[in-house]
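Peer 1: Can you keep this structure in mind? I'll have questions shortly.
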Amino acid sequence: MNIQDKTLLQDMFSAAVLAADPFSAMAPFIPERPKGRTVVIGAGKGAAQMAAAFERHWDAPLSGVVVTRYGYSCPTTQIQILEAAHPVPDDNGVIASRALRNAVTGLGPDDLVVALICGGGSSLLPAPPDGFSLSDEQELNRLLLASGAPISAMNAIRKQFSTLKGGRLAAMAHPARVVSLIVSDVPGDAPSEVASGPTVPDMKSAQTALDAIAHYQIPLPQPMMDHIAKGTAPSPTDTVFATCTTHVIASARKSLNAAQAVARDNGISAIVLSDAIEGEAREIAKMHAALAIEIATQDQPFSKPVVLLSGGETTVTLRGKGRGGRNSEFLLSLAASLDGQQGVTALAADTDGIDGSEDNAGAFADGTTASRLRDMGKDALGYLAQNDAYSAFDALGDLFAPGPTGTNVNDFRAILIR
């Protein structure tokens with residue numbers, strides 16, 4: 001694999017992450033000081049870094065608590081950082097949910113709540129409805145993750161099975177003013193979708209959730225189905241949201257534009273295909289591979305050299321019991337389709353630094369990936385059949401593991417064609 005091309009792709013990833021840096025992204029959206037208290041709450045894989053950034057901007061007293069994934073903490077002085085499990089919630093997530101609920105309880109109209117929300121918050125804030133337990137929410141998450149449903153469908157369901165999501169946490173803070181600062185990891189950047197919208201009212205109905213369950217054939221237990229059908233999320237027109245404002249401070253589009261600038265600074269044109277691509281990772285990869293091959297062999301629809309950039313959130317329908325997240329699976333499918341094609345190098349990675357539940361953000365691949373696996377007596381399609389992309393790239397030494405980045409604007413895909 002060409003080291004120079006790998007370095008360029010990695011530089012583009014770094015630029016994308018930097019564009020979503022919480023401190024610089026937050027600066028234009030710092031709210032006015034209140035007459036009363038300032039309470040900070042938050043959830044997500046970059047919530048600790050967002051909390052630290054807010055403390056640097058805020059030169060007045062404050063208190064608060066945010067929850068992030070295990071190993072994603074960073075030092076703060078006034079805001080408490082809790083850790084919990086992701087992507088399947090655990091008891092510490094329940095404790096964190098209770099802590100956020102307590103933090104916003106009993107506030108008045110002169111108080112301010114600043115909500116720092118980013119991707120991963122859905123799993124980090126388990127708060128099952130009355131009559132259900134953590135094990136029920138764990139089962140819900142397991143079934144959703146295995147279903148192949150897009151994030152919008154999963155969050156529509158999660159919001160109907162929670163006492164915090166779908167705007168409920170903001171409703172608890174009423175009559176305090178609530179300002180939500182959101183780093184978007186969802187296609188389209190709808191703030192109500194990020195972390196299932198704990199401080200942004202649900203824009204979708206219970207019927208939307210039921211339709212998604214039916215369409216993706218998600219086998220939820222009947223008691224869970226009965227509760228979802230009740231549609232208990234508060235309405236967006238409820239007066240409790242009259243004092244709530246929301247700002248999306250970072251997104252995939254801004255990050256892809258930053259990566260595009262890096263390519264151009266290196267004399268290579270870059271095309272942003274979309275920042276909102278959804279669908280089965282291995283199938284989306286085949287489309288990207290077909291386009292890359294067309295460019296490599298026919299110099300159309302774009303001329304070489306060029307970088308194809310895309311974002312969004314693909315999904316993986318579990319078929320085997322291997323290791324790896326959606327970006328690694330995308331890349332392995334891409335490598336299988338590119339088998340033998342010269343002049344194409346790719347990086348696919350999650351901007352939070354973790355692909356699924358593994359320790360890598362993603363991986364690198366090129367037209368030699370499949371043949372190098374064969375030389376080792378291994379088979380790319382065999383690994384793909386078992387959802388075992390991590391093991392394939394680990395064997396090749398092509399995993400990309402930058403560690404936690406402190407932000408999350410979802411998938412980053414860059415395909416360089418020379």
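Chain labels A, B, ... are given in the sequence in which chains occur in the structure tokens; within each chain residues are numbered consecutively from 1, and ligands are likewise numbered from 1 in the order shown.
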Once DSSP has gone over the backbone, tell me which residues of range 14-207 of chain A are in alpha helix (DSSP H), as an NGL selection string.
Peer 2: :A and (14-19 or 22-26 or 47-57 or 91-104 or 121-124 or 134-147 or 151-159 or 168-173 or 206-207)
Peer 1: Include C-alpha atoms and write out the residues we just selected as a PDB file, in the first residue's frame.
Peer 2:
```
ATOM      1  CA  SER A  14      -7.437  14.718  10.972  1.00  0.00           C
ATOM      2  CA  ALA A  15      -8.738  17.871   9.290  1.00  0.00           C
ATOM      3  CA  ALA A  16     -12.279  16.512   9.421  1.00  0.00           C
ATOM      4  CA  VAL A  17     -11.958  15.852  13.148  1.00  0.00           C
ATOM      5  CA  LEU A  18     -10.392  19.249  13.800  1.00  0.00           C
ATOM      6  CA  ALA A  19     -13.303  20.948  12.038  1.00  0.00           C
ATOM      7  CA  PRO A  22     -15.753  21.306  20.427  1.00  0.00           C
ATOM      8  CA  PHE A  23     -13.899  24.435  21.626  1.00  0.00           C
ATOM      9  CA  SER A  24     -13.773  26.265  18.316  1.00  0.00           C
ATOM     10  CA  ALA A  25     -17.173  25.006  17.151  1.00  0.00           C
ATOM     11  CA  MET A  26     -18.837  26.085  20.403  1.00  0.00           C
ATOM     12  CA  ALA A  47     -19.475  14.899  25.907  1.00  0.00           C
ATOM     13  CA  ALA A  48     -16.468  15.145  28.254  1.00  0.00           C
ATOM     14  CA  GLN A  49     -14.481  17.152  25.709  1.00  0.00           C
ATOM     15  CA  MET A  50     -17.507  19.367  25.114  1.00  0.00           C
ATOM     16  CA  ALA A  51     -17.771  19.936  28.869  1.00  0.00           C
ATOM     17  CA  ALA A  52     -14.090  20.872  29.119  1.00  0.00           C
ATOM     18  CA  ALA A  53     -14.499  23.254  26.177  1.00  0.00           C
ATOM     19  CA  PHE A  54     -17.536  24.905  27.743  1.00  0.00           C
ATOM     20  CA  GLU A  55     -15.661  25.442  31.009  1.00  0.00           C
ATOM     21  CA  ARG A  56     -12.934  27.278  29.097  1.00  0.00           C
ATOM     22  CA  HIS A  57     -15.513  29.584  27.511  1.00  0.00           C
ATOM     23  CA  ASP A  91     -25.988   0.008  35.262  1.00  0.00           C
ATOM     24  CA  ASN A  92     -23.648   3.006  35.207  1.00  0.00           C
ATOM     25  CA  GLY A  93     -25.735   4.422  32.386  1.00  0.00           C
ATOM     26  CA  VAL A  94     -28.800   4.171  34.633  1.00  0.00           C
ATOM     27  CA  ILE A  95     -26.880   5.986  37.379  1.00  0.00           C
ATOM     28  CA  ALA A  96     -25.830   8.684  34.902  1.00  0.00           C
ATOM     29  CA  SER A  97     -29.401   9.102  33.658  1.00  0.00           C
ATOM     30  CA  ARG A  98     -30.542   9.609  37.236  1.00  0.00           C
ATOM     31  CA  ALA A  99     -27.763  12.164  37.808  1.00  0.00           C
ATOM     32  CA  LEU A 100     -28.787  14.228  34.779  1.00  0.00           C
ATOM     33  CA  ARG A 101     -32.418  14.075  35.829  1.00  0.00           C
ATOM     34  CA  ASN A 102     -31.528  15.273  39.328  1.00  0.00           C
ATOM     35  CA  ALA A 103     -29.365  18.080  37.932  1.00  0.00           C
ATOM     36  CA  VAL A 104     -32.301  19.722  36.122  1.00  0.00           C
ATOM     37  CA  GLY A 121     -25.946   9.514  23.937  1.00  0.00           C
ATOM     38  CA  SER A 122     -28.782   7.100  23.185  1.00  0.00           C
ATOM     39  CA  SER A 123     -26.926   4.157  24.713  1.00  0.00           C
ATOM     40  CA  LEU A 124     -25.358   6.221  27.493  1.00  0.00           C
ATOM     41  CA  LEU A 134     -32.412  -2.091  32.218  1.00  0.00           C
ATOM     42  CA  SER A 135     -32.418  -5.595  30.779  1.00  0.00           C
ATOM     43  CA  ASP A 136     -35.394  -4.605  28.607  1.00  0.00           C
ATOM     44  CA  GLU A 137     -33.524  -1.600  27.243  1.00  0.00           C
ATOM     45  CA  GLN A 138     -30.420  -3.736  26.686  1.00  0.00           C
ATOM     46  CA  GLU A 139     -32.510  -6.205  24.696  1.00  0.00           C
ATOM     47  CA  LEU A 140     -34.038  -3.351  22.700  1.00  0.00           C
ATOM     48  CA  ASN A 141     -30.581  -2.033  21.820  1.00  0.00           C
ATOM     49  CA  ARG A 142     -29.328  -5.485  20.887  1.00  0.00           C
ATOM     50  CA  LEU A 143     -32.250  -6.058  18.535  1.00  0.00           C
ATOM     51  CA  LEU A 144     -31.915  -2.614  16.975  1.00  0.00           C
ATOM     52  CA  LEU A 145     -28.180  -2.992  16.367  1.00  0.00           C
ATOM     53  CA  ALA A 146     -28.689  -6.375  14.713  1.00  0.00           C
ATOM     54  CA  SER A 147     -31.620  -5.248  12.543  1.00  0.00           C
ATOM     55  CA  ILE A 151     -30.134   5.402  12.770  1.00  0.00           C
ATOM     56  CA  SER A 152     -33.249   7.491  12.117  1.00  0.00           C
ATOM     57  CA  ALA A 153     -35.461   4.414  12.497  1.00  0.00           C
ATOM     58  CA  MET A 154     -33.613   3.174  15.576  1.00  0.00           C
ATOM     59  CA  ASN A 155     -33.903   6.545  17.291  1.00  0.00           C
ATOM     60  CA  ALA A 156     -37.597   6.833  16.458  1.00  0.00           C
ATOM     61  CA  ILE A 157     -38.080   3.585  18.378  1.00  0.00           C
ATOM     62  CA  ARG A 158     -35.739   4.490  21.251  1.00  0.00           C
ATOM     63  CA  LYS A 159     -37.571   7.776  21.841  1.00  0.00           C
ATOM     64  CA  ARG A 168     -38.311  14.597  28.066  1.00  0.00           C
ATOM     65  CA  LEU A 169     -35.102  15.762  29.788  1.00  0.00           C
ATOM     66  CA  ALA A 170     -35.684  19.341  28.619  1.00  0.00           C
ATOM     67  CA  ALA A 171     -39.284  19.139  29.825  1.00  0.00           C
ATOM     68  CA  MET A 172     -37.993  18.205  33.289  1.00  0.00           C
ATOM     69  CA  ALA A 173     -35.908  21.405  33.344  1.00  0.00           C
ATOM     70  CA  ALA A 206     -45.401   6.481  17.739  1.00  0.00           C
ATOM     71  CA  GLN A 207     -46.754   5.237  14.412  1.00  0.00           C
TER      72      GLN A 207
END
```
Peer 1: Contacts of Thr232 in chain A at 12 Å or less, counting only C-alpha atoms, minus same-chain residues fewer than 6 places along, as a tab-separated table (two decimals) with N, CA and C atoms, in the first residue's frame?
Peer 2:
```tsv
chain	number	residue	atom	x	y	z
A	129	PRO	N	-39.01	2.95	30.63
A	129	PRO	CA	-40.30	3.39	31.17
A	129	PRO	C	-40.68	2.60	32.42
A	130	ASP	N	-41.62	3.12	33.16
A	130	ASP	CA	-42.14	2.43	34.35
A	130	ASP	C	-42.63	1.04	33.96
A	157	ILE	N	-37.62	4.63	17.45
A	157	ILE	CA	-38.08	3.59	18.38
A	157	ILE	C	-37.59	3.86	19.79
A	158	ARG	N	-36.31	4.22	19.92
A	158	ARG	CA	-35.74	4.49	21.25
A	158	ARG	C	-36.49	5.61	21.97
A	159	LYS	N	-36.91	6.63	21.21
A	159	LYS	CA	-37.57	7.78	21.84
A	159	LYS	C	-38.94	7.41	22.41
A	160	GLN	N	-39.53	6.35	21.90
A	160	GLN	CA	-40.82	5.93	22.43
A	160	GLN	C	-40.66	4.94	23.59
A	161	PHE	N	-39.42	4.60	23.93
A	161	PHE	CA	-39.18	3.65	25.01
A	161	PHE	C	-38.16	4.25	25.97
A	162	SER	N	-38.50	5.40	26.55
A	162	SER	CA	-37.57	6.11	27.41
A	162	SER	C	-38.31	7.12	28.27
A	163	THR	N	-37.71	7.46	29.41
A	163	THR	CA	-38.24	8.54	30.23
A	163	THR	C	-37.36	9.80	30.13
A	164	LEU	N	-36.33	9.77	29.27
A	164	LEU	CA	-35.46	10.94	29.08
A	164	LEU	C	-35.41	11.43	27.64
A	165	LYS	N	-35.46	10.50	26.69
A	165	LYS	CA	-35.28	10.86	25.30
A	165	LYS	C	-36.54	11.52	24.73
A	166	GLY	N	-36.45	12.00	23.48
A	166	GLY	CA	-37.60	12.62	22.84
A	166	GLY	C	-38.01	13.92	23.50
A	167	GLY	N	-37.05	14.67	24.06
A	167	GLY	CA	-37.34	15.96	24.68
A	167	GLY	C	-37.72	15.91	26.14
A	168	ARG	N	-37.82	14.72	26.70
A	168	ARG	CA	-38.31	14.60	28.07
A	168	ARG	C	-37.37	15.23	29.08
A	201	PRO	N	-37.54	18.11	21.34
A	201	PRO	CA	-38.78	17.33	21.25
A	201	PRO	C	-38.82	16.44	20.02
A	202	ASP	N	-39.51	15.32	20.17
A	202	ASP	CA	-39.62	14.32	19.12
A	202	ASP	C	-40.50	14.83	17.99
A	204	LYS	N	-41.35	12.89	15.47
A	204	LYS	CA	-41.99	11.73	14.84
A	204	LYS	C	-42.97	11.09	15.82
A	205	SER	N	-43.96	10.43	15.27
A	205	SER	CA	-45.03	9.85	16.08
A	205	SER	C	-44.71	8.41	16.47
A	206	ALA	N	-45.52	7.89	17.37
A	206	ALA	CA	-45.40	6.48	17.74
A	206	ALA	C	-45.64	5.59	16.53
A	207	GLN	N	-46.48	6.04	15.61
A	207	GLN	CA	-46.75	5.24	14.41
A	207	GLN	C	-45.50	5.10	13.55
A	226	ASP	N	-46.50	-2.81	23.06
A	226	ASP	CA	-47.69	-2.15	23.62
A	226	ASP	C	-47.35	-0.78	24.17
```
Peer 1: Counting only C-alpha atoms, figure out which residue out of A:Asp411, A:Val262, A:Lys321, A:Met203 gets nearest to Ser235 in chain A.
Peer 2: A:Met203
Peer 1: Measuring atom to atom with only C-alpha atoms, identify which of A:Val240, A:Gly119, A:Thr351, A:Cys74 is nearest to Ser196 in chain A.
Peer 2: A:Gly119
Peer 1: So that I can see what lies close to Met1 in chain A, please list as a ChimeraX atom specification the residues with an atom at most 9 Å from it, counting only C-alpha atoms and leaving out residues fewer than 3 positions away in the same chain.
Peer 2: /A:4-6,345,364-369
Peer 1: I need the chosen residues saved as an mmCIF file, in the first residue's frame, with C-alpha atoms.
Peer 2:
```cif
data_model
loop_
_atom_site.group_PDB
_atom_site.id
_atom_site.type_symbol
_atom_site.label_atom_id
_atom_site.label_comp_id
_atom_site.auth_asym_id
_atom_site.auth_seq_id
_atom_site.Cartn_x
_atom_site.Cartn_y
_atom_site.Cartn_z
ATOM 1 C CA GLN A 4 2.217 8.667 0.719
ATOM 2 C CA ASP A 5 -1.443 8.048 -0.135
ATOM 3 C CA LYS A 6 -2.157 6.649 3.321
ATOM 4 C CA THR A 345 -6.516 3.749 -1.945
ATOM 5 C CA PHE A 364 -7.128 1.372 5.018
ATOM 6 C CA ALA A 365 -7.639 -0.642 1.817
ATOM 7 C CA ASP A 366 -6.547 -0.651 -1.792
ATOM 8 C CA GLY A 367 -6.660 -2.852 -4.874
ATOM 9 C CA THR A 368 -4.156 -5.270 -3.310
ATOM 10 C CA THR A 369 -6.056 -5.880 -0.052
#
```
Peer 1: Just the number, please: distance in Å from CA of Pro402 in chain A to CA of Tyr70 in chain A, one decimal.
Peer 2: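 Going from CA of Pro402 in chain A over to CA of Tyr70 in chain A, I get 16.3 Å.
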Peer 1: Using only C-alpha atoms, which residue out of A:Thr407, A:Gln222, A:Thr317, A:Asn360 lies closest to Ser255 in chain A?
Peer 2: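 Among the listed residues, the smallest separation from Ser255 in chain A belongs to A:Thr407.
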Peer 1: Would you compute the distance between CA of Asp388 in chain A and CA of Thr7 in chain A? Give it in Å to one decimal.
Peer 2: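 These atoms are spaced 25.4 Å apart.
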Peer 1: To one decimal place, how far is CA of Val248 in chain A from CA of Glu32 in chain A in Å?
Peer 2: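 That distance, rounded to one decimal, is 17.4 Å.
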Peer 1: Residues within 8 Å of range 370-378 of chain A, please, as a list in words. Count only C-alpha atoms; anything in the same chain fewer than 6 positions from it doesn't count.
Peer 2: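 Using only C-alpha atoms, the neighbours found are Ala335, Ala336, Asp339, Gly340, Ala392 and Leu396 of chain A.
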Peer 1: Please produce an output containing N, CA and C atoms for each residue in the selection, written as a PDB file, in the first residue's frame.
Peer 2:
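Now in result.pdb:
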```pdb
ATOM      1  N   ALA A 335     -12.855  -3.423  -0.736  1.00  0.00           N
ATOM      2  CA  ALA A 335     -11.632  -4.113  -1.157  1.00  0.00           C
ATOM      3  C   ALA A 335     -11.945  -5.325  -2.024  1.00  0.00           C
ATOM      4  N   ALA A 336     -12.988  -6.043  -1.678  1.00  0.00           N
ATOM      5  CA  ALA A 336     -13.371  -7.209  -2.473  1.00  0.00           C
ATOM      6  C   ALA A 336     -13.799  -6.792  -3.876  1.00  0.00           C
ATOM      7  N   ASP A 339     -10.716  -5.639  -6.090  1.00  0.00           N
ATOM      8  CA  ASP A 339      -9.662  -6.653  -6.200  1.00  0.00           C
ATOM      9  C   ASP A 339      -8.884  -6.537  -7.520  1.00  0.00           C
ATOM     10  N   GLY A 340      -7.585  -6.183  -7.414  1.00  0.00           N
ATOM     11  CA  GLY A 340      -6.721  -6.082  -8.580  1.00  0.00           C
ATOM     12  C   GLY A 340      -6.682  -4.718  -9.231  1.00  0.00           C
ATOM     13  N   ALA A 392      -9.749  -9.277   9.489  1.00  0.00           N
ATOM     14  CA  ALA A 392      -9.100  -9.221   8.176  1.00  0.00           C
ATOM     15  C   ALA A 392      -8.057  -8.111   8.137  1.00  0.00           C
ATOM     16  N   LEU A 396      -3.675  -7.947   8.211  1.00  0.00           N
ATOM     17  CA  LEU A 396      -2.887  -7.217   7.217  1.00  0.00           C
ATOM     18  C   LEU A 396      -2.080  -6.068   7.818  1.00  0.00           C
TER      19      LEU A 396
END
```
Peer 1: Counting only C-alpha atoms, which residue out of A:Ile249, A:Gly311, A:Ile417, A:Ala401 sits closest to Thr297 in chain A?
Peer 2: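 Smallest distance to Thr297 in chain A is found for A:Ile417.
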Peer 1: If you run DSSP on the backbone here, which positions in range 5-253 of chain A get strand (DSSP E)? Please write them as number ranges by chain.
Peer 2: A: 38-43, 63-69, 79-84, 112-117, 177-183, 244-250
Peer 1: Select, from A:Ala261, A:Leu334, A:Leu112, A:Ala346, the residue with the minimum atom-to-atom distance to Asn2 in chain A, counting only C-alpha atoms.
Peer 2: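 For Asn2 in chain A, the nearest of the candidates is A:Ala346.
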